[in-house]
Amino acid sequence: MVELESGKKRRHFLKDMGCAFTALIGGSLLPHGTAQALRISAQSDSQASLSPGKAQPVFNIRDYGARGNGTVLDSPAINDCIAAATREGGGIVFFPAGNYLCFSIHLASNITLYLDRGAVVIAAENGALGSYDAAESNAPFEAYQDYHHNHWHNSLVWGEGLTNIAVVGGGLFWGRGLSRGDRENKPFAEDPGVGSRVIALKNCRNVEFRSFSILKGGTMGILATGVDNFIIDGLTIDTNRDGMDIDCCRNVRIANCAVNTPWDDAICLKSSYALGYPRPTENLMITNCYVTGAYQLGSMLDGSWKKWPEAHRPPQHGRIKFGTESNGGFINTTVSNCVFEGCRGLTLESVDGAKLTDMTITNITMRNLIASPLFIRLGARMRGPKGAQIGALKRVLISDIVVASNDALFSSIISGIPGSQIEDIKIRNMFIEHEGGGTKEMATLKLPENEKDYPEHSMFGDVIPAQGFFLRHIKNIEMSDIEIRSQKPDLRPPFLLNDVNGADFWHVKANVPVGMPMFSLADVSDFAVSRSKPVKDAEIDRVAGEMSI
């Protein structure tokens, strides 16, 4: 493209050439998926001035004063460029290769941010050059969720009440100047202007995030609250807290993402009270994603894949988690074809009155776990307005899971609370291999209920009296084609059931030592086991006390 003499002429040229440029950047040289994201036509939205089917014009941030040298503050120029595109009814805001030092960038409806490969948006340090937008008030609902779920404006990129927006391309957001929220004794409200996360959206619809990367994302790389019709595809996130938090959202597809989060959760689904009412996260699909906490910050992005030295290893959260905030619920969701490595396992939680129902989880591999492969909890923390009832957790199907871990005290946990049972759980085709080494003393432990505690596998202590599954306060559970293998002899039962009504086991096996039980039962009714090793087929109507088989 020929250089023009003046920026003004260049802007008019780019506007006139919008169709040609869109065709160019839709070509085969860009990452897979980017072309589709950039062929954006204006929607039939009442505020849009572009006709349906007309290609959006392109606005280059360099033409509005962005320097891209990493030292001059570029966010004012970028916001001017977005405002100019908005006046035209929308368009593609193009970031060519360069280092763009920024405070808050303001998204707008019908805008696509396209970060070219080599474009880096750098979160500036709060101080001499300026500051981020102030955290807005979320009163009177702020007591019902953590600080970082009550505010959106104190972010590197944010938008509220928008439609038809996208962030795409092969570029990078580097949250260098963002806070990860360590200062528990000094609330952010006392330190205005601090940036908390890379991207935050509230009450938006028709949103696409594709192909870009995040390094060091602050408290969370992405916070989306009340976002409907949301596609997240092909992101790489290497960060020091949560990778992405999807809260009170509907019709969400998360696919082909890789997330390394040693200190917090990788993909975290929530249904908080931040919108002022209990709104569920529903119609959600997570597929073909890799989650981990095993690698040093930045080493997944640069391809060096450096493991943490044992002496300095962080908690290695790195998992997919539904909860902890769970006021509105999780309804009609699937998780499929995902890989977990060097992290905690899959977590499903309803502890604030939510209904977690109608979920399918399939084709998952988990390696080098440091906690329960499955942690499913119905509790009564009830963080929310008074008067809410304990929620429900039911109709969950889990299948085709492979687990390998060197954690000797490892066990999946599925636990409701007295008077509130988890219902209708089916688990099939699961292979678990762990180090073993559990003792008879461990097998006799009685775990506390901790009904109102923060839900986490550690809430029951460091040792679980089962080596495979701890099952408590459940109605109707079926388990089939399950194998539990310990590398060293383990004297804990593979299955421990307490207050379970309706339990069917078919073709389950474990390499338990001779003379040790396969099942430990307490207050169990309607129990059946068949075609399993090393136990014989059995049907038991009622176990009022304790029984081992």
# chains A, B, ... in the order shown; residues from 1 in each chain; ligands from 1
call {"tool": "residues_around", "arguments": {"residues": "range 136-151 of chain A", "least_positions_apart": "5", "cutoff": "8 Å", "atoms": "only C-alpha atoms", "output": "list in words"}}
result
Ser196, Thr219, Leu223, Ser272, Tyr273, Ala274, Leu275, Gly276, Glu325, Arg383, Gly384 and Pro385 of chain A
call {"tool": "residues_around", "arguments": {"residues": "range 121-127 of chain A", "least_positions_apart": "2", "cutoff": "9 Å", "atoms": "only C-alpha atoms", "output": "NGL selection string"}}
result
:A and (68 or 70 or 73 or 95 or 98-104 or 115 or 119 or 129-132 or 156 or 171-178 or 193-195 or 198)
call {"tool": "residues_around", "arguments": {"residues": "Ile398 in chain A", "least_positions_apart": "2", "cutoff": "10 Å", "atoms": "only C-alpha atoms", "output": "PDB file with N, CA and C atoms, in the first residue's frame"}}
result
ATOM      1  N   THR A 334     -21.735 -28.297  28.993  1.00  0.00           N
ATOM      2  CA  THR A 334     -20.896 -29.432  28.640  1.00  0.00           C
ATOM      3  C   THR A 334     -19.429 -29.044  28.747  1.00  0.00           C
ATOM      4  N   VAL A 335     -18.604 -30.022  29.140  1.00  0.00           N
ATOM      5  CA  VAL A 335     -17.146 -29.898  29.119  1.00  0.00           C
ATOM      6  C   VAL A 335     -16.635 -31.143  28.406  1.00  0.00           C
ATOM      7  N   SER A 336     -15.853 -30.969  27.350  1.00  0.00           N
ATOM      8  CA  SER A 336     -15.421 -32.133  26.572  1.00  0.00           C
ATOM      9  C   SER A 336     -14.032 -31.926  25.986  1.00  0.00           C
ATOM     10  N   MET A 359     -25.602 -31.349  33.317  1.00  0.00           N
ATOM     11  CA  MET A 359     -24.222 -31.150  32.896  1.00  0.00           C
ATOM     12  C   MET A 359     -23.646 -32.466  32.383  1.00  0.00           C
ATOM     13  N   THR A 360     -22.903 -32.380  31.285  1.00  0.00           N
ATOM     14  CA  THR A 360     -22.206 -33.525  30.724  1.00  0.00           C
ATOM     15  C   THR A 360     -20.724 -33.213  30.633  1.00  0.00           C
ATOM     16  N   ILE A 361     -19.893 -34.141  31.126  1.00  0.00           N
ATOM     17  CA  ILE A 361     -18.432 -33.989  31.115  1.00  0.00           C
ATOM     18  C   ILE A 361     -17.865 -35.245  30.502  1.00  0.00           C
ATOM     19  N   THR A 362     -17.071 -35.104  29.424  1.00  0.00           N
ATOM     20  CA  THR A 362     -16.600 -36.299  28.728  1.00  0.00           C
ATOM     21  C   THR A 362     -15.253 -36.074  28.058  1.00  0.00           C
ATOM     22  N   ASN A 363     -14.493 -37.169  27.904  1.00  0.00           N
ATOM     23  CA  ASN A 363     -13.204 -37.160  27.206  1.00  0.00           C
ATOM     24  C   ASN A 363     -12.225 -36.169  27.848  1.00  0.00           C
ATOM     25  N   ILE A 364     -11.812 -36.485  29.071  1.00  0.00           N
ATOM     26  CA  ILE A 364     -10.891 -35.635  29.827  1.00  0.00           C
ATOM     27  C   ILE A 364      -9.676 -36.470  30.214  1.00  0.00           C
ATOM     28  N   LEU A 374     -12.000 -35.154  40.787  1.00  0.00           N
ATOM     29  CA  LEU A 374     -13.371 -34.643  40.769  1.00  0.00           C
ATOM     30  C   LEU A 374     -13.702 -34.138  42.165  1.00  0.00           C
ATOM     31  N   VAL A 396     -25.883 -34.972  36.562  1.00  0.00           N
ATOM     32  CA  VAL A 396     -24.526 -34.763  36.058  1.00  0.00           C
ATOM     33  C   VAL A 396     -24.008 -36.094  35.519  1.00  0.00           C
ATOM     34  N   ASP A 400     -15.504 -41.227  30.365  1.00  0.00           N
ATOM     35  CA  ASP A 400     -14.267 -41.272  29.594  1.00  0.00           C
ATOM     36  C   ASP A 400     -13.217 -40.318  30.166  1.00  0.00           C
ATOM     37  N   ILE A 401     -12.775 -40.660  31.386  1.00  0.00           N
ATOM     38  CA  ILE A 401     -11.807 -39.850  32.125  1.00  0.00           C
ATOM     39  C   ILE A 401     -10.579 -40.700  32.429  1.00  0.00           C
ATOM     40  N   ILE A 425     -26.263 -38.799  39.732  1.00  0.00           N
ATOM     41  CA  ILE A 425     -24.906 -38.705  39.216  1.00  0.00           C
ATOM     42  C   ILE A 425     -24.564 -40.018  38.509  1.00  0.00           C
ATOM     43  N   LYS A 426     -24.036 -39.942  37.305  1.00  0.00           N
ATOM     44  CA  LYS A 426     -23.585 -41.117  36.569  1.00  0.00           C
ATOM     45  C   LYS A 426     -22.128 -40.911  36.162  1.00  0.00           C
ATOM     46  N   ILE A 427     -21.274 -41.874  36.530  1.00  0.00           N
ATOM     47  CA  ILE A 427     -19.848 -41.823  36.177  1.00  0.00           C
ATOM     48  C   ILE A 427     -19.488 -43.153  35.537  1.00  0.00           C
ATOM     49  N   ARG A 428     -18.903 -43.098  34.337  1.00  0.00           N
ATOM     50  CA  ARG A 428     -18.546 -44.342  33.662  1.00  0.00           C
ATOM     51  C   ARG A 428     -17.252 -44.174  32.880  1.00  0.00           C
ATOM     52  N   ASN A 429     -16.593 -45.295  32.673  1.00  0.00           N
ATOM     53  CA  ASN A 429     -15.387 -45.340  31.851  1.00  0.00           C
ATOM     54  C   ASN A 429     -14.320 -44.385  32.401  1.00  0.00           C
ATOM     55  N   MET A 430     -13.856 -44.679  33.598  1.00  0.00           N
ATOM     56  CA  MET A 430     -12.860 -43.831  34.246  1.00  0.00           C
ATOM     57  C   MET A 430     -11.718 -44.705  34.755  1.00  0.00           C
ATOM     58  N   MET A 479     -22.129 -45.944  38.919  1.00  0.00           N
ATOM     59  CA  MET A 479     -20.732 -45.939  38.519  1.00  0.00           C
ATOM     60  C   MET A 479     -20.435 -47.236  37.786  1.00  0.00           C
TER      61      MET A 479
END
call {"tool": "residues_around", "arguments": {"residues": "Arg485 in chain A", "least_positions_apart": "4", "cutoff": "12 Å", "atoms": "only C-alpha atoms", "output": "ChimeraX atom specification"}}
result
/A:402-406,408,410-411,430-437,467-468,489-490,493-494,508-513
call {"tool": "select_by_dssp", "arguments": {"residues": "range 285-521 of chain A", "states": "strand (DSSP E or B)", "output": "number ranges by chain"}}
result
A: 285-287, 290-292, 295, 307, 320-326, 330-341, 346-350, 355-367, 374-378, 392-404, 412-415, 417, 420, 422-436, 469-488, 495-510, 519-521
call {"tool": "closest_residue", "arguments": {"among": "A:Ser420, A:Phe460, A:Asp133, A:Gly169", "to": "Arg117 in chain A", "atoms": "only C-alpha atoms"}}
result
A:Gly169
call {"tool": "residues_around", "arguments": {"residues": "range 542-545 of chain A", "least_positions_apart": "3", "cutoff": "8 Å", "atoms": "only C-alpha atoms", "output": "list of chain:residue names"}}
result
A:Leu521, A:Ala522, A:Asp523, A:Val524, A:Ser525, A:Asp526, A:Phe527
call {"tool": "write_last_selection", "arguments": {"atoms": "C-alpha atoms", "output": "PDB file, in the first residue's frame"}}
result
ATOM      1  CA  LEU A 521     -20.687 -48.407  53.679  1.00  0.00           C
ATOM      2  CA  ALA A 522     -22.410 -46.338  56.376  1.00  0.00           C
ATOM      3  CA  ASP A 523     -26.118 -45.465  56.364  1.00  0.00           C
ATOM      4  CA  VAL A 524     -26.568 -46.751  52.812  1.00  0.00           C
ATOM      5  CA  SER A 525     -29.748 -48.073  51.191  1.00  0.00           C
ATOM      6  CA  ASP A 526     -30.517 -49.724  47.845  1.00  0.00           C
ATOM      7  CA  PHE A 527     -26.903 -50.697  47.103  1.00  0.00           C
TER       8      PHE A 527
END
